[in-house]
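**Q** Data: final39.pdb, PDB, C-alpha atoms.
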ATOM      1  CA  MET A   1     -10.204 -11.810 -26.725  1.00  0.00           C
ATOM      2  CA  SER A   2      -9.754 -15.030 -28.676  1.00  0.00           C
ATOM      3  CA  THR A   3      -6.559 -15.757 -30.597  1.00  0.00           C
ATOM      4  CA  ALA A   4      -8.506 -15.656 -33.883  1.00  0.00           C
ATOM      5  CA  ASP A   5      -8.947 -11.883 -33.491  1.00  0.00           C
ATOM      6  CA  LEU A   6      -5.206 -11.361 -33.367  1.00  0.00           C
ATOM      7  CA  GLN A   7      -4.512 -13.409 -36.492  1.00  0.00           C
ATOM      8  CA  THR A   8      -4.309 -11.932 -39.945  1.00  0.00           C
ATOM      9  CA  PRO A   9      -6.653 -13.443 -42.567  1.00  0.00           C
ATOM     10  CA  LEU A  10      -3.592 -15.050 -44.176  1.00  0.00           C
ATOM     11  CA  LYS A  11      -2.607 -16.756 -40.915  1.00  0.00           C
ATOM     12  CA  ARG A  12      -6.103 -18.181 -40.551  1.00  0.00           C
ATOM     13  CA  ALA A  13      -6.263 -19.372 -44.182  1.00  0.00           C
ATOM     14  CA  ARG A  14      -2.797 -20.968 -44.235  1.00  0.00           C
ATOM     15  CA  GLY A  15      -2.734 -24.752 -44.184  1.00  0.00           C
ATOM     16  CA  LEU A  16      -6.421 -25.086 -45.011  1.00  0.00           C
ATOM     17  CA  GLY A  17      -5.724 -25.714 -48.703  1.00  0.00           C
ATOM     18  CA  SER A  18      -7.199 -23.938 -51.677  1.00  0.00           C
ATOM     19  CA  ALA A  19     -10.683 -22.446 -51.374  1.00  0.00           C
ATOM     20  CA  LYS A  20     -11.361 -23.247 -55.021  1.00  0.00           C
ATOM     21  CA  SER A  21      -9.655 -25.470 -57.558  1.00  0.00           C
ATOM     22  CA  GLY A  22      -6.115 -24.273 -56.876  1.00  0.00           C
ATOM     23  CA  VAL A  23      -3.711 -23.813 -59.757  1.00  0.00           C
ATOM     24  CA  HIS A  24      -5.512 -26.091 -62.240  1.00  0.00           C
ATOM     25  CA  HIS A  25      -7.014 -23.152 -64.166  1.00  0.00           C
ATOM     26  CA  TRP A  26      -3.639 -21.406 -64.305  1.00  0.00           C
ATOM     27  CA  ILE A  27      -1.831 -24.506 -65.569  1.00  0.00           C
ATOM     28  CA  VAL A  28      -4.399 -25.360 -68.282  1.00  0.00           C
ATOM     29  CA  GLN A  29      -4.304 -21.744 -69.475  1.00  0.00           C
ATOM     30  CA  ARG A  30      -0.515 -22.027 -69.891  1.00  0.00           C
ATOM     31  CA  VAL A  31      -0.619 -25.483 -71.513  1.00  0.00           C
ATOM     32  CA  THR A  32      -3.180 -24.313 -74.114  1.00  0.00           C
ATOM     33  CA  ALA A  33      -1.136 -21.108 -74.616  1.00  0.00           C
ATOM     34  CA  VAL A  34       2.031 -23.087 -75.392  1.00  0.00           C
ATOM     35  CA  ALA A  35       0.073 -25.368 -77.766  1.00  0.00           C
ATOM     36  CA  LEU A  36      -1.405 -22.337 -79.532  1.00  0.00           C
ATOM     37  CA  ILE A  37       2.000 -20.779 -80.377  1.00  0.00           C
ATOM     38  CA  PRO A  38       2.816 -23.257 -83.200  1.00  0.00           C
ATOM     39  CA  LEU A  39      -0.876 -23.894 -83.994  1.00  0.00           C
ATOM     40  CA  CYS A  40      -1.615 -20.173 -84.590  1.00  0.00           C
ATOM     41  CA  LEU A  41       1.435 -19.729 -86.809  1.00  0.00           C
ATOM     42  CA  TRP A  42       0.355 -22.790 -88.799  1.00  0.00           C
ATOM     43  CA  LEU A  43      -3.258 -21.530 -88.983  1.00  0.00           C
ATOM     44  CA  VAL A  44      -2.155 -18.182 -90.454  1.00  0.00           C
ATOM     45  CA  TYR A  45      -0.192 -20.153 -93.072  1.00  0.00           C
ATOM     46  CA  LEU A  46      -3.286 -22.290 -93.870  1.00  0.00           C
ATOM     47  CA  VAL A  47      -5.642 -19.286 -94.002  1.00  0.00           C
ATOM     48  CA  LEU A  48      -3.260 -17.511 -96.415  1.00  0.00           C
ATOM     49  CA  ALA A  49      -3.406 -20.610 -98.657  1.00  0.00           C
ATOM     50  CA  VAL A  50      -7.198 -20.965 -98.364  1.00  0.00           C
ATOM     51  CA  MET A  51      -7.866 -17.224 -98.814  1.00  0.00           C
ATOM     52  CA  HIS A  52      -7.200 -17.131-102.560  1.00  0.00           C
ATOM     53  CA  ALA A  53      -8.383 -20.658-103.325  1.00  0.00           C
ATOM     54  CA  ASP A  54     -11.724 -21.553-104.927  1.00  0.00           C
ATOM     55  CA  TYR A  55     -14.237 -23.742-103.093  1.00  0.00           C
ATOM     56  CA  ALA A  56     -12.907 -27.102-104.343  1.00  0.00           C
ATOM     57  CA  HIS A  57      -9.282 -26.223-103.555  1.00  0.00           C
ATOM     58  CA  ALA A  58     -10.188 -24.831-100.102  1.00  0.00           C
ATOM     59  CA  ARG A  59     -12.073 -28.044 -99.317  1.00  0.00           C
ATOM     60  CA  ALA A  60      -9.181 -30.165-100.561  1.00  0.00           C
ATOM     61  CA  LEU A  61      -6.798 -28.286 -98.254  1.00  0.00           C
ATOM     62  CA  VAL A  62      -8.966 -28.950 -95.169  1.00  0.00           C
ATOM     63  CA  HIS A  63      -9.541 -32.537 -96.387  1.00  0.00           C
ATOM     64  CA  ALA A  64      -5.780 -33.287 -96.228  1.00  0.00           C
ATOM     65  CA  PRO A  65      -5.201 -35.506 -93.139  1.00  0.00           C
ATOM     66  CA  VAL A  66      -2.437 -33.371 -91.562  1.00  0.00           C
ATOM     67  CA  ASN A  67      -4.447 -30.157 -92.008  1.00  0.00           C
ATOM     68  CA  ALA A  68      -7.640 -31.744 -90.636  1.00  0.00           C
ATOM     69  CA  LEU A  69      -5.764 -33.079 -87.596  1.00  0.00           C
ATOM     70  CA  LEU A  70      -4.025 -29.755 -86.840  1.00  0.00           C
ATOM     71  CA  LEU A  71      -7.283 -27.828 -87.401  1.00  0.00           C
ATOM     72  CA  ILE A  72      -9.069 -29.983 -84.817  1.00  0.00           C
ATOM     73  CA  ALA A  73      -6.172 -29.501 -82.385  1.00  0.00           C
ATOM     74  CA  PHE A  74      -6.272 -25.737 -83.014  1.00  0.00           C
ATOM     75  CA  VAL A  75     -10.039 -25.519 -82.532  1.00  0.00           C
ATOM     76  CA  LEU A  76      -9.975 -27.475 -79.248  1.00  0.00           C
ATOM     77  CA  ALA A  77      -7.044 -25.439 -77.862  1.00  0.00           C
ATOM     78  CA  VAL A  78      -8.434 -22.074 -78.966  1.00  0.00           C
ATOM     79  CA  PHE A  79     -11.932 -22.542 -77.485  1.00  0.00           C
ATOM     80  CA  TRP A  80     -10.501 -23.960 -74.257  1.00  0.00           C
ATOM     81  CA  HIS A  81      -8.044 -21.058 -73.965  1.00  0.00           C
ATOM     82  CA  ALA A  82     -10.775 -18.513 -74.831  1.00  0.00           C
ATOM     83  CA  GLN A  83     -13.099 -19.924 -72.171  1.00  0.00           C
ATOM     84  CA  LEU A  84     -10.392 -19.764 -69.493  1.00  0.00           C
ATOM     85  CA  GLY A  85      -9.440 -16.195 -70.439  1.00  0.00           C
ATOM     86  CA  LEU A  86     -12.987 -14.839 -70.679  1.00  0.00           C
ATOM     87  CA  GLN A  87     -13.832 -16.524 -67.367  1.00  0.00           C
ATOM     88  CA  VAL A  88     -11.129 -14.474 -65.605  1.00  0.00           C
ATOM     89  CA  VAL A  89     -12.278 -11.243 -67.279  1.00  0.00           C
ATOM     90  CA  ILE A  90     -15.854 -11.852 -66.076  1.00  0.00           C
ATOM     91  CA  GLU A  91     -14.644 -12.789 -62.567  1.00  0.00           C
ATOM     92  CA  ASP A  92     -12.717  -9.491 -62.425  1.00  0.00           C
ATOM     93  CA  TYR A  93     -15.281  -7.063 -63.821  1.00  0.00           C
ATOM     94  CA  VAL A  94     -18.806  -8.459 -63.417  1.00  0.00           C
ATOM     95  CA  HIS A  95     -19.745  -7.964 -59.769  1.00  0.00           C
ATOM     96  CA  THR A  96     -23.513  -8.535 -60.019  1.00  0.00           C
ATOM     97  CA  ARG A  97     -23.863 -12.158 -58.960  1.00  0.00           C
ATOM     98  CA  TRP A  98     -26.724 -13.253 -61.246  1.00  0.00           C
ATOM     99  CA  LEU A  99     -25.188 -11.467 -64.234  1.00  0.00           C
ATOM    100  CA  GLU A 100     -21.828 -13.104 -63.507  1.00  0.00           C
ATOM    101  CA  ILE A 101     -23.359 -16.597 -63.396  1.00  0.00           C
ATOM    102  CA  ILE A 102     -25.308 -16.021 -66.633  1.00  0.00           C
ATOM    103  CA  SER A 103     -22.178 -14.649 -68.373  1.00  0.00           C
ATOM    104  CA  GLN A 104     -20.025 -17.558 -67.195  1.00  0.00           C
ATOM    105  CA  LEU A 105     -22.611 -20.085 -68.393  1.00  0.00           C
ATOM    106  CA  ALA A 106     -23.070 -18.276 -71.727  1.00  0.00           C
ATOM    107  CA  ILE A 107     -19.274 -18.235 -72.329  1.00  0.00           C
ATOM    108  CA  LYS A 108     -18.937 -21.925 -71.480  1.00  0.00           C
ATOM    109  CA  PHE A 109     -21.888 -22.951 -73.677  1.00  0.00           C
ATOM    110  CA  PHE A 110     -20.646 -20.791 -76.573  1.00  0.00           C
ATOM    111  CA  CYS A 111     -17.128 -22.253 -76.394  1.00  0.00           C
ATOM    112  CA  VAL A 112     -18.302 -25.871 -76.183  1.00  0.00           C
ATOM    113  CA  LEU A 113     -20.842 -25.392 -79.006  1.00  0.00           C
ATOM    114  CA  GLY A 114     -18.260 -23.557 -81.132  1.00  0.00           C
ATOM    115  CA  ALA A 115     -15.676 -26.300 -80.627  1.00  0.00           C
ATOM    116  CA  VAL A 116     -18.146 -29.099 -81.379  1.00  0.00           C
ATOM    117  CA  ALA A 117     -19.512 -27.297 -84.479  1.00  0.00           C
ATOM    118  CA  CYS A 118     -15.978 -26.755 -85.850  1.00  0.00           C
ATOM    119  CA  VAL A 119     -14.884 -30.344 -85.150  1.00  0.00           C
ATOM    120  CA  LEU A 120     -18.062 -31.695 -86.835  1.00  0.00           C
ATOM    121  CA  ALA A 121     -17.447 -29.526 -89.907  1.00  0.00           C
ATOM    122  CA  ILE A 122     -13.776 -30.583 -90.129  1.00  0.00           C
ATOM    123  CA  VAL A 123     -14.644 -34.292 -89.702  1.00  0.00           C
ATOM    124  CA  LYS A 124     -17.362 -34.013 -92.370  1.00  0.00           C
ATOM    125  CA  ILE A 125     -14.875 -32.468 -94.826  1.00  0.00           C
ATOM    126  CA  ALA A 126     -12.059 -34.865 -93.855  1.00  0.00           C
ATOM    127  CA  LEU A 127     -14.172 -38.010 -94.320  1.00  0.00           C
ATOM    128  CA  ALA A 128     -16.007 -36.884 -97.474  1.00  0.00           C
TER     129      ALA A 128
ATOM    130  CA  MET B   1     -11.801  -4.854 -38.377  1.00  0.00           C
ATOM    131  CA  ALA B   2      -8.398  -3.186 -38.544  1.00  0.00           C
ATOM    132  CA  GLN B   3      -7.841  -4.510 -42.082  1.00  0.00           C
ATOM    133  CA  THR B   4     -10.351  -2.070 -43.617  1.00  0.00           C
ATOM    134  CA  ALA B   5      -8.094   0.835 -42.621  1.00  0.00           C
ATOM    135  CA  ARG B   6      -5.246  -0.522 -44.733  1.00  0.00           C
ATOM    136  CA  PRO B   7      -4.361   1.613 -47.765  1.00  0.00           C
ATOM    137  CA  LEU B   8      -6.085   0.527 -50.954  1.00  0.00           C
ATOM    138  CA  SER B   9      -4.691   0.707 -54.456  1.00  0.00           C
ATOM    139  CA  PRO B  10      -5.443   4.225 -55.757  1.00  0.00           C
ATOM    140  CA  HIS B  11      -8.081   4.688 -58.412  1.00  0.00           C
ATOM    141  CA  LEU B  12      -6.982   4.130 -62.014  1.00  0.00           C
ATOM    142  CA  GLY B  13      -7.603   7.826 -62.758  1.00  0.00           C
ATOM    143  CA  VAL B  14      -4.606   9.017 -60.709  1.00  0.00           C
ATOM    144  CA  TYR B  15      -2.166   6.688 -62.453  1.00  0.00           C
ATOM    145  CA  ARG B  16       0.191   8.095 -65.072  1.00  0.00           C
ATOM    146  CA  TRP B  17      -0.170   5.972 -68.202  1.00  0.00           C
ATOM    147  CA  GLN B  18       2.771   3.627 -68.608  1.00  0.00           C
ATOM    148  CA  ILE B  19       3.630   1.120 -71.310  1.00  0.00           C
ATOM    149  CA  THR B  20       3.378  -1.770 -68.826  1.00  0.00           C
ATOM    150  CA  MET B  21      -0.247  -1.089 -67.879  1.00  0.00           C
ATOM    151  CA  THR B  22      -1.181  -0.222 -71.479  1.00  0.00           C
ATOM    152  CA  LEU B  23       0.176  -3.540 -72.765  1.00  0.00           C
ATOM    153  CA  SER B  24      -1.541  -5.406 -69.921  1.00  0.00           C
ATOM    154  CA  ILE B  25      -4.910  -3.856 -70.821  1.00  0.00           C
ATOM    155  CA  LEU B  26      -4.258  -4.521 -74.526  1.00  0.00           C
ATOM    156  CA  HIS B  27      -3.557  -8.190 -73.775  1.00  0.00           C
ATOM    157  CA  ARG B  28      -7.048  -8.553 -72.313  1.00  0.00           C
ATOM    158  CA  ALA B  29      -8.690  -6.440 -75.022  1.00  0.00           C
ATOM    159  CA  THR B  30      -7.066  -8.437 -77.850  1.00  0.00           C
ATOM    160  CA  GLY B  31      -7.983 -11.677 -76.038  1.00  0.00           C
ATOM    161  CA  ILE B  32     -11.642 -10.639 -76.005  1.00  0.00           C
ATOM    162  CA  ALA B  33     -11.433  -9.514 -79.654  1.00  0.00           C
ATOM    163  CA  LEU B  34      -9.931 -12.877 -80.650  1.00  0.00           C
ATOM    164  CA  ALA B  35     -12.653 -14.766 -78.763  1.00  0.00           C
ATOM    165  CA  VAL B  36     -15.200 -12.846 -80.865  1.00  0.00           C
ATOM    166  CA  GLY B  37     -13.026 -13.620 -83.904  1.00  0.00           C
ATOM    167  CA  THR B  38     -13.620 -17.352 -83.425  1.00  0.00           C
ATOM    168  CA  LEU B  39     -17.072 -16.609 -84.955  1.00  0.00           C
ATOM    169  CA  ILE B  40     -15.469 -16.194 -88.395  1.00  0.00           C
ATOM    170  CA  VAL B  41     -13.594 -19.508 -87.911  1.00  0.00           C
ATOM    171  CA  ILE B  42     -16.889 -21.236 -87.038  1.00  0.00           C
ATOM    172  CA  ALA B  43     -18.681 -19.559 -89.987  1.00  0.00           C
ATOM    173  CA  ALA B  44     -15.940 -20.424 -92.495  1.00  0.00           C
ATOM    174  CA  LEU B  45     -15.673 -24.090 -91.422  1.00  0.00           C
ATOM    175  CA  LEU B  46     -19.447 -24.644 -91.312  1.00  0.00           C
ATOM    176  CA  ALA B  47     -19.850 -22.971 -94.714  1.00  0.00           C
ATOM    177  CA  LEU B  48     -17.018 -25.026 -96.212  1.00  0.00           C
ATOM    178  CA  ALA B  49     -18.730 -28.186 -94.966  1.00  0.00           C
ATOM    179  CA  ALA B  50     -22.190 -27.020 -96.149  1.00  0.00           C
ATOM    180  CA  GLY B  51     -21.397 -26.272 -99.791  1.00  0.00           C
ATOM    181  CA  PRO B  52     -20.216 -23.729-102.403  1.00  0.00           C
ATOM    182  CA  GLU B  53     -23.209 -21.358-101.965  1.00  0.00           C
ATOM    183  CA  SER B  54     -22.683 -20.919 -98.209  1.00  0.00           C
ATOM    184  CA  TYR B  55     -18.927 -20.642 -98.699  1.00  0.00           C
ATOM    185  CA  ALA B  56     -19.403 -17.879-101.286  1.00  0.00           C
ATOM    186  CA  LYS B  57     -21.374 -15.874 -98.691  1.00  0.00           C
ATOM    187  CA  VAL B  58     -18.535 -16.093 -96.140  1.00  0.00           C
ATOM    188  CA  GLN B  59     -16.007 -15.207 -98.862  1.00  0.00           C
ATOM    189  CA  GLY B  60     -18.176 -12.247 -99.840  1.00  0.00           C
ATOM    190  CA  PHE B  61     -18.304 -11.032 -96.253  1.00  0.00           C
ATOM    191  CA  CYS B  62     -14.512 -11.384 -95.842  1.00  0.00           C
ATOM    192  CA  ALA B  63     -13.907  -9.385 -99.040  1.00  0.00           C
ATOM    193  CA  SER B  64     -16.322  -6.586 -98.005  1.00  0.00           C
ATOM    194  CA  PRO B  65     -14.925  -3.387 -96.407  1.00  0.00           C
ATOM    195  CA  ILE B  66     -16.241  -4.376 -92.951  1.00  0.00           C
ATOM    196  CA  GLY B  67     -14.901  -7.914 -93.418  1.00  0.00           C
ATOM    197  CA  LEU B  68     -11.439  -6.692 -94.419  1.00  0.00           C
ATOM    198  CA  PHE B  69     -11.391  -4.208 -91.515  1.00  0.00           C
ATOM    199  CA  LEU B  70     -12.292  -6.992 -89.053  1.00  0.00           C
ATOM    200  CA  LEU B  71      -9.760  -9.426 -90.556  1.00  0.00           C
ATOM    201  CA  PHE B  72      -7.034  -6.764 -90.323  1.00  0.00           C
ATOM    202  CA  GLY B  73      -7.957  -6.031 -86.696  1.00  0.00           C
ATOM    203  CA  TRP B  74      -7.987  -9.722 -85.832  1.00  0.00           C
ATOM    204  CA  THR B  75      -4.609 -10.190 -87.539  1.00  0.00           C
ATOM    205  CA  TRP B  76      -2.994  -7.530 -85.355  1.00  0.00           C
ATOM    206  CA  SER B  77      -4.839  -8.812 -82.259  1.00  0.00           C
ATOM    207  CA  LEU B  78      -3.526 -12.324 -82.930  1.00  0.00           C
ATOM    208  CA  CYS B  79       0.056 -11.109 -83.536  1.00  0.00           C
ATOM    209  CA  TYR B  80      -0.017  -8.944 -80.404  1.00  0.00           C
ATOM    210  CA  HIS B  81      -1.646 -11.555 -78.142  1.00  0.00           C
ATOM    211  CA  LEU B  82       0.797 -14.190 -79.447  1.00  0.00           C
ATOM    212  CA  CYS B  83       3.916 -12.053 -78.848  1.00  0.00           C
ATOM    213  CA  ASN B  84       2.759 -10.698 -75.493  1.00  0.00           C
ATOM    214  CA  GLY B  85       1.633 -14.206 -74.532  1.00  0.00           C
ATOM    215  CA  ILE B  86       5.203 -15.423 -75.031  1.00  0.00           C
ATOM    216  CA  ARG B  87       6.303 -12.467 -72.828  1.00  0.00           C
ATOM    217  CA  HIS B  88       3.857 -13.678 -70.162  1.00  0.00           C
ATOM    218  CA  LEU B  89       5.209 -17.239 -70.391  1.00  0.00           C
ATOM    219  CA  ALA B  90       8.730 -15.856 -69.852  1.00  0.00           C
ATOM    220  CA  TRP B  91       7.480 -14.083 -66.697  1.00  0.00           C
ATOM    221  CA  ASP B  92       5.857 -17.347 -65.574  1.00  0.00           C
ATOM    222  CA  ALA B  93       9.272 -18.969 -65.920  1.00  0.00           C
ATOM    223  CA  GLY B  94      10.682 -16.206 -63.692  1.00  0.00           C
ATOM    224  CA  TRP B  95      12.499 -14.264 -66.415  1.00  0.00           C
ATOM    225  CA  GLY B  96      12.231 -10.553 -67.240  1.00  0.00           C
ATOM    226  CA  PHE B  97      10.805  -8.941 -64.109  1.00  0.00           C
ATOM    227  CA  GLU B  98      13.431  -6.156 -63.887  1.00  0.00           C
ATOM    228  CA  ILE B  99      11.867  -2.793 -64.826  1.00  0.00           C
ATOM    229  CA  PRO B 100      14.249  -1.971 -67.751  1.00  0.00           C
ATOM    230  CA  ARG B 101      13.805  -5.498 -69.144  1.00  0.00           C
ATOM    231  CA  THR B 102       9.997  -5.290 -68.780  1.00  0.00           C
ATOM    232  CA  TYR B 103      10.009  -2.057 -70.796  1.00  0.00           C
ATOM    233  CA  ALA B 104      12.395  -3.495 -73.411  1.00  0.00           C
ATOM    234  CA  THR B 105      10.336  -6.674 -73.934  1.00  0.00           C
ATOM    235  CA  GLY B 106       7.176  -4.529 -74.030  1.00  0.00           C
ATOM    236  CA  TRP B 107       8.447  -2.376 -76.902  1.00  0.00           C
ATOM    237  CA  THR B 108       9.777  -5.515 -78.624  1.00  0.00           C
ATOM    238  CA  VAL B 109       6.273  -6.994 -78.491  1.00  0.00           C
ATOM    239  CA  VAL B 110       4.715  -3.811 -79.939  1.00  0.00           C
ATOM    240  CA  ILE B 111       7.198  -3.669 -82.826  1.00  0.00           C
ATOM    241  CA  ALA B 112       7.026  -7.432 -83.491  1.00  0.00           C
ATOM    242  CA  SER B 113       3.206  -7.361 -83.606  1.00  0.00           C
ATOM    243  CA  VAL B 114       3.237  -4.547 -86.194  1.00  0.00           C
ATOM    244  CA  VAL B 115       5.948  -6.244 -88.307  1.00  0.00           C
ATOM    245  CA  LEU B 116       4.131  -9.610 -88.238  1.00  0.00           C
ATOM    246  CA  THR B 117       0.810  -7.971 -89.185  1.00  0.00           C
ATOM    247  CA  ALA B 118       2.519  -6.166 -92.095  1.00  0.00           C
ATOM    248  CA  LEU B 119       4.122  -9.456 -93.208  1.00  0.00           C
ATOM    249  CA  VAL B 120       0.787 -11.320 -93.205  1.00  0.00           C
ATOM    250  CA  TRP B 121      -0.994  -8.581 -95.165  1.00  0.00           C
ATOM    251  CA  ALA B 122       1.917  -8.278 -97.592  1.00  0.00           C
ATOM    252  CA  CYS B 123       1.332 -11.982 -98.340  1.00  0.00           C
ATOM    253  CA  VAL B 124      -2.401 -11.300 -98.788  1.00  0.00           C
ATOM    254  CA  LEU B 125      -1.874  -8.329-101.124  1.00  0.00           C
ATOM    255  CA  MET B 126       0.882  -9.916-103.208  1.00  0.00           C
ATOM    256  CA  ARG B 127      -1.470 -12.696-104.234  1.00  0.00           C
ATOM    257  CA  GLY B 128      -4.165 -10.229-105.324  1.00  0.00           C
ATOM    258  CA  ALA B 129      -7.632  -9.421-104.051  1.00  0.00           C
ATOM    259  CA  PRO B 130      -9.570 -12.311-102.469  1.00  0.00           C
TER     260      PRO B 130
END
Mind converting the file's structure to structure tokens?
**A**
Amino acid sequence: MSTADLQTPLKRARGLGSAKSGVHHWIVQRVTAVALIPLCLWLVYLVLAVMHADYAHARALVHAPVNALLLIAFVLAVFWHAQLGLQVVIEDYVHTRWLEIISQLAIKFFCVLGAVACVLAIVKIALA
Amino acid sequence: MAQTARPLSPHLGVYRWQITMTLSILHRATGIALAVGTLIVIAALLALAAGPESYAKVQGFCASPIGLFLLFGWTWSLCYHLCNGIRHLAWDAGWGFEIPRTYATGWTVVIASVVLTALVWACVLMRGAP
């Protein structure tokens, strides 16, 4: 009997380093979460202001430099955070390999497209 | 392999429902709901950039019964995910793992999410219909 048979899986894995990308995912999820605490509170405040405004006033609000800047920051953080969160949900519950890969790709493409579309719209309004 | 004989976690069906597991499931559910909710952010920003006609359509949708129902649901989802997210960050920092404290922070999150949602919609209603 070789020594490998007597070792637990943990003993064999120890010291070999991470099998995937380590704690990077975990850390980015937390960093975006911390950023989103003030950004979400500010967004609710902005949406409440925009909600009862007419078109010109709503556009003027988003046109304001501070609002445009914070909106872009919010959009980038929210789509990044959403992608990381949905990725974990799919990893946990979708066990059919091809379906998992398609879902992961779809989520990533949706989040990148959503972020780019929002940033383009904000920049267009901010520079107009 | 001897490892396969190790006891596995019992099936979810034999668990008694507890606030801790309920809030954990809700954190994921509200996260998914909020990810879907980004669609209204995309729609509103694109419409605002496109012109008054497109913007009026998004405003019309938001003021419709389905729109208001979704906005209300997303408001609570955001408040809950925000509060429970802060609870998670506290755990990440190593604070609040004792069972009584976990229950106390859990109920705090539930109450805070309802109060915050009520506050936001009080602001909406006090300024009249959209």
**Q** Return as a PyMOL selection string the set of residues that the ChimeraX specification (/B :<7) & /A yields on the displayed structure.
**A** chain A and resi 37+48+51-52+55+59+82+86+114+118+121-122+124-125
**Q** The PyMOL selection byres ((chain A and resi 26-32) around 10) - which residues does that actually catch in the file I just gave you? List them as JSON, numbers by chain.
**A** {"A": [21, 22, 23, 24, 25, 33, 34, 35, 36, 37, 74, 76, 77, 78, 79, 80, 81, 82, 83, 84, 85], "B": [85, 88, 89, 92]}
**Q** Rounded to one decimal, what separation in Å do you get between atom CA of Thr30 of chain B and atom CA of Tyr80 of chain B?
**A** 7.5 Å
**Q** Enter the distance from atom CA of Val14 of chain B to atom CA of Val109 of chain B, in Å, rounded to one decimal.
**A**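 Here the two named atoms are 26.3 Å from each other.
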**Q** I'd like the interatomic distance between atom CA of Tyr103 of chain B and atom CA of Ala90 of chain B, to a tenth of an Å.
**A** 13.9 Å
**Q** So what does the PyMOL selection byres ((chain A and resi 63) around 8) actually pick up in this one, as a PyMOL selection string?
**A** chain A and resi 59-62+64-65+67-68+122+125-128
